[in-house]
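Student: Can you read through this structure? Questions will come right after.
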Amino acid sequence: MIEVNELRKQFGQVTALDGLSFTAPEGQITGLLGPNGAGKTTCLRTIYGLLKADLGQALIDGVDASAEPLAARKKIGIFPDKFGLYERLTAREQVAYFAQLHGMNKVDAAVAVQQVFERLDMLAIADRRATGFSQGQRMKVALAQAIVHHPKHLILDEPSRGLDVMSTRILRDLLRELRQQGTSILFSSHVMQEVAALCDQVVVVAGGKVAAQGTPEELCELTGETALEEAFVKIIGTDEGIAA
Amino acid sequence: MSGRSRKFSQSLTRIVLMKELRDAIRDKRSVMAAMSYAFFGPLLMAVAFFFLISQLTDPSDVEIDIQGAEHAPAFIDFLAQRGIVERQQAWPAGQHPITLEIGADWASNIAQALPAPVTLTADFSSTKQRSDIRRIEQALEGYSQQIAYVRLQMRGLDPRVMQPIDVIKQDTATKGSRSALIMGSAMIFILLSVFFSGMNVAIDISAGERERNSLELLLSQPIPTQQLVMGKALAASCFAMAGGVLSVVLIPWVFQFLPLHEIGISVVISASDILLMAVMLLPLALFATALQLFVSFRAKSFKEAQTYISFVLMLPMMVVFGVEFTNTKNPLLYYAPLTGQHQALLDIIKGEMIQWLPLAISSLVTLLVGWIILRLIGRMLASEKVVFGL
């Protein structure tokens with residue numbers, strides 16, 4: 001379970017997080033929905049322990065990343081906002097590198113890589129270098145390196161940005177499958193369709209704090225609207241920075 | 001730290017090292033950069049020295065204007081034997097003519113044993129013509145002395161009365177120490193090779209990683225930044241060392257083909273010397289890499305890092321060139337990073353005894369400084385200010 005308690009973070013004059021709290025329980029997909037600049041990425045970076053919160057804490061299974069970053073990071077898989085691949089490595093070498101960084105030995109890593117490639121149907125590109133991969137193929141590599149070590153928590157930052165329909169479908173299917181297996185999945189997005197289609201729970205973030213929280217249906221009920229989009233606009237009070 | 005987790009962290013360093021090495025070896029630009037300096041450098045130096053030597057041993061005639069040659073044919077013959085001849089073509093632009101003027105009364109003056117005036121007109125401050133003018137002056141003196149001896153003998157005097165002091169010059173300059181002059185610049189080249197050869201890899205694995213958007217994800221993995229930095233530094237050091245070893249091996253090899261003996265220089269560098277030089281470069285390679293990583297981890301892009309690094313490269317260059325050309329002698333030089341290795345290299349090629357203790361100390365100091373810089377980088381990467389450029 002990922003728990004975020006009263007996170008506050010200030011960058012100079014700008015308040016990025018203003019007492020943000022939510023939980024992402026096991027076996028659920030939690031969507032962090034908010035306009036650009038709402039503090040989503042800052043929140044995720046705090047969970048990995050790359051940023052230190054001024055106040056509050058982020059816990060992964062009770063481990064605080066700001067106190068024990070390595071222990072916390074061992075529990076999570078990350079699908080980053082911008083994923084740079086190592087162009088001169090093959091997909092297999094690349095994913096094996098991340099498996100080994102998570103403490104797997106060479107043999108275990110090789111087995112895990114083979115498994116995740118079979119699951120994501122990417123054996124055909126396994127031994128090709130990343131130069132020349134399509135956006136969809138790149139996404140698969142990034143996804144493979146996020147889940148190769150079987151993390152109990154998966155965090156995705158704007159995962160469907162720039163993906164084609166097929167890649168998005170693969171991603172969604174995988175996330176549902178992982179949810180079935182009890183993984184707690186947290187993903188940030190500013191794309192409404194994405195959130196509505198996938199999430200068990202939506203946390204609407206605006207101005208660095210939670211504007212509303214609940215299932216998509218609950219949010220609609222809350223605002224008396226029938227479509228999540230309308231509900232969302234009502235909640236944050238503007239439609240600026242939102243993609244339908 | 002327990003033994004188990006220590007072993008784990010060391011293996012993390014190794015994982016990073018192996019990945020970066022594999023990545024860098026496939027990068028043609030990095031390999032080319034590392035090897036071209038070590039390959040073409042010695043070649044370039046050989047060509048330069050080749051021209052230098054042929055200039056120093058230049059036996060060509062000095063061509064000057066001679067006026068009144070018809071008055072003193074014997075004198076002209078003497079000058080011609082010494083390689084001083086009348087000029088046929090015009091003087092090149094920018095060069096002052098050298099003129100030797102023989103008076104019309106030369107023959108009568110010589111016959112009466114009176115000083116015969118000869119006028120030498122030239123730009124005596126010209127550095128280009130200095131050796132030409134010296135040769136002319138020496139020839140004039142030689143002829144003058146020859147006539148003086150003949151005159152003394154004709155008067156029944158021993159010419160040795162003109163030579164109250166017999167100066168015997170004993171040149172203590174060994175062939176080795178003379179060669180140090182030329183080899184000194186070769187040694188600078190070897191020293192700098194470790195700075196140049198690993199540079200491209202160092203930039204690629206730091207600023208390049210940031211530019212490709214892979215740094216943030218890498219820092220989010222469960223690996224202590226110190227181990228990450230160490231693995232990367234070792235990878236770049238391998239490249240720095242490869243370049244260093246190549247130039248240590250190539251430079252003595254190339255020098256075999258130069259006619260150094262013509263200017264009285266002998267270069268004998270044994271295999272064990274080469275090995276020692278390579279070992280000496282090891283701590284320097286780590287030091288150079290640490291310095292480069294320190295600046296390029298702060299850069300946002302490959303280009304920015306290159307700019308920073310070119311400034312950082314000025315530092316070692318200024319130090320070694322400064323020491324070499326000002327001929328600074330200070331015992332402290334033997335202990336400091338870079339200058340310590342420089343002094344030891346010079347001792348090796350001069351054939352002098354190596355001062356083992358100072359060399360050991362300077363190697364340790366070099367390693368220590370490099371290690372401290374790497375620790376600093378590790379800390380830097382744990383700071384959100386540096387990672388996100390806040």
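Letters A, B, ... mark the chains of the structure tokens in the order given; residue numbers begin at 1 per chain; ligand numbers begin at 1, in order shown.
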Output as a ChimeraX atom specification the set of chain A residues within 8 Å of chain B, with distances taken over only C-alpha atoms.
Tutor: /A:11,48-52,69-74,78,80,82-86,88-89,97-98,100-103
Student: Mind listing the strand (DSSP E or B) residues of range 2-237 of chain A, per DSSP on the backbone, as a PyMOL selection string?
Tutor: chain A and resi 2-11+14-24+29-33+55-60+63-64+76-79+90+129+153-157+184-189+191+201-206+209-214
Student: Any idea what's packed within 9 Å of Thr99 in chain B, counting only C-alpha atoms, ignoring anything in its chain fewer than 5 positions away? Could you give it as a VMD selection string?
Tutor: chain B and resid 64 to 67 119 to 122
Student: To one decimal place, how far is CA of Ser206 in chain B from CA of Leu286 in chain B in Å?
Tutor: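 Calculated distance between CA of Ser206 in chain B and CA of Leu286 in chain B is 15.4 Å.
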Student: Could you check the closest approach to Ser189 in chain A for each of A:Leu219, A:Ala124, A:Leu156, A:Leu59 and tell me which residue wins, using only C-alpha atoms?
Tutor: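 For Ser189 in chain A, the nearest of the candidates is A:Leu156.
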Student: Among the residues of range 100-207 of chain A, find those DSSP assigns to alpha helix (DSSP H) from the backbone and print them as JSON, numbers by chain.
Tutor: {"A": [100, 101, 106, 107, 108, 109, 110, 111, 112, 113, 114, 115, 116, 117, 118, 119, 135, 136, 137, 138, 139, 140, 141, 142, 143, 144, 145, 146, 147, 165, 166, 167, 168, 169, 170, 171, 172, 173, 174, 175, 176, 177, 178, 179, 180, 192, 193, 194, 195, 196, 197, 198]}
Student: Would you work out the distance separating CA of Phe196 in chain B from CA of Tyr308 in chain B, expressed in Å to one decimal?
Tutor: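 If I compute the distance from CA of Phe196 in chain B to CA of Tyr308 in chain B, I get 13.7 Å.
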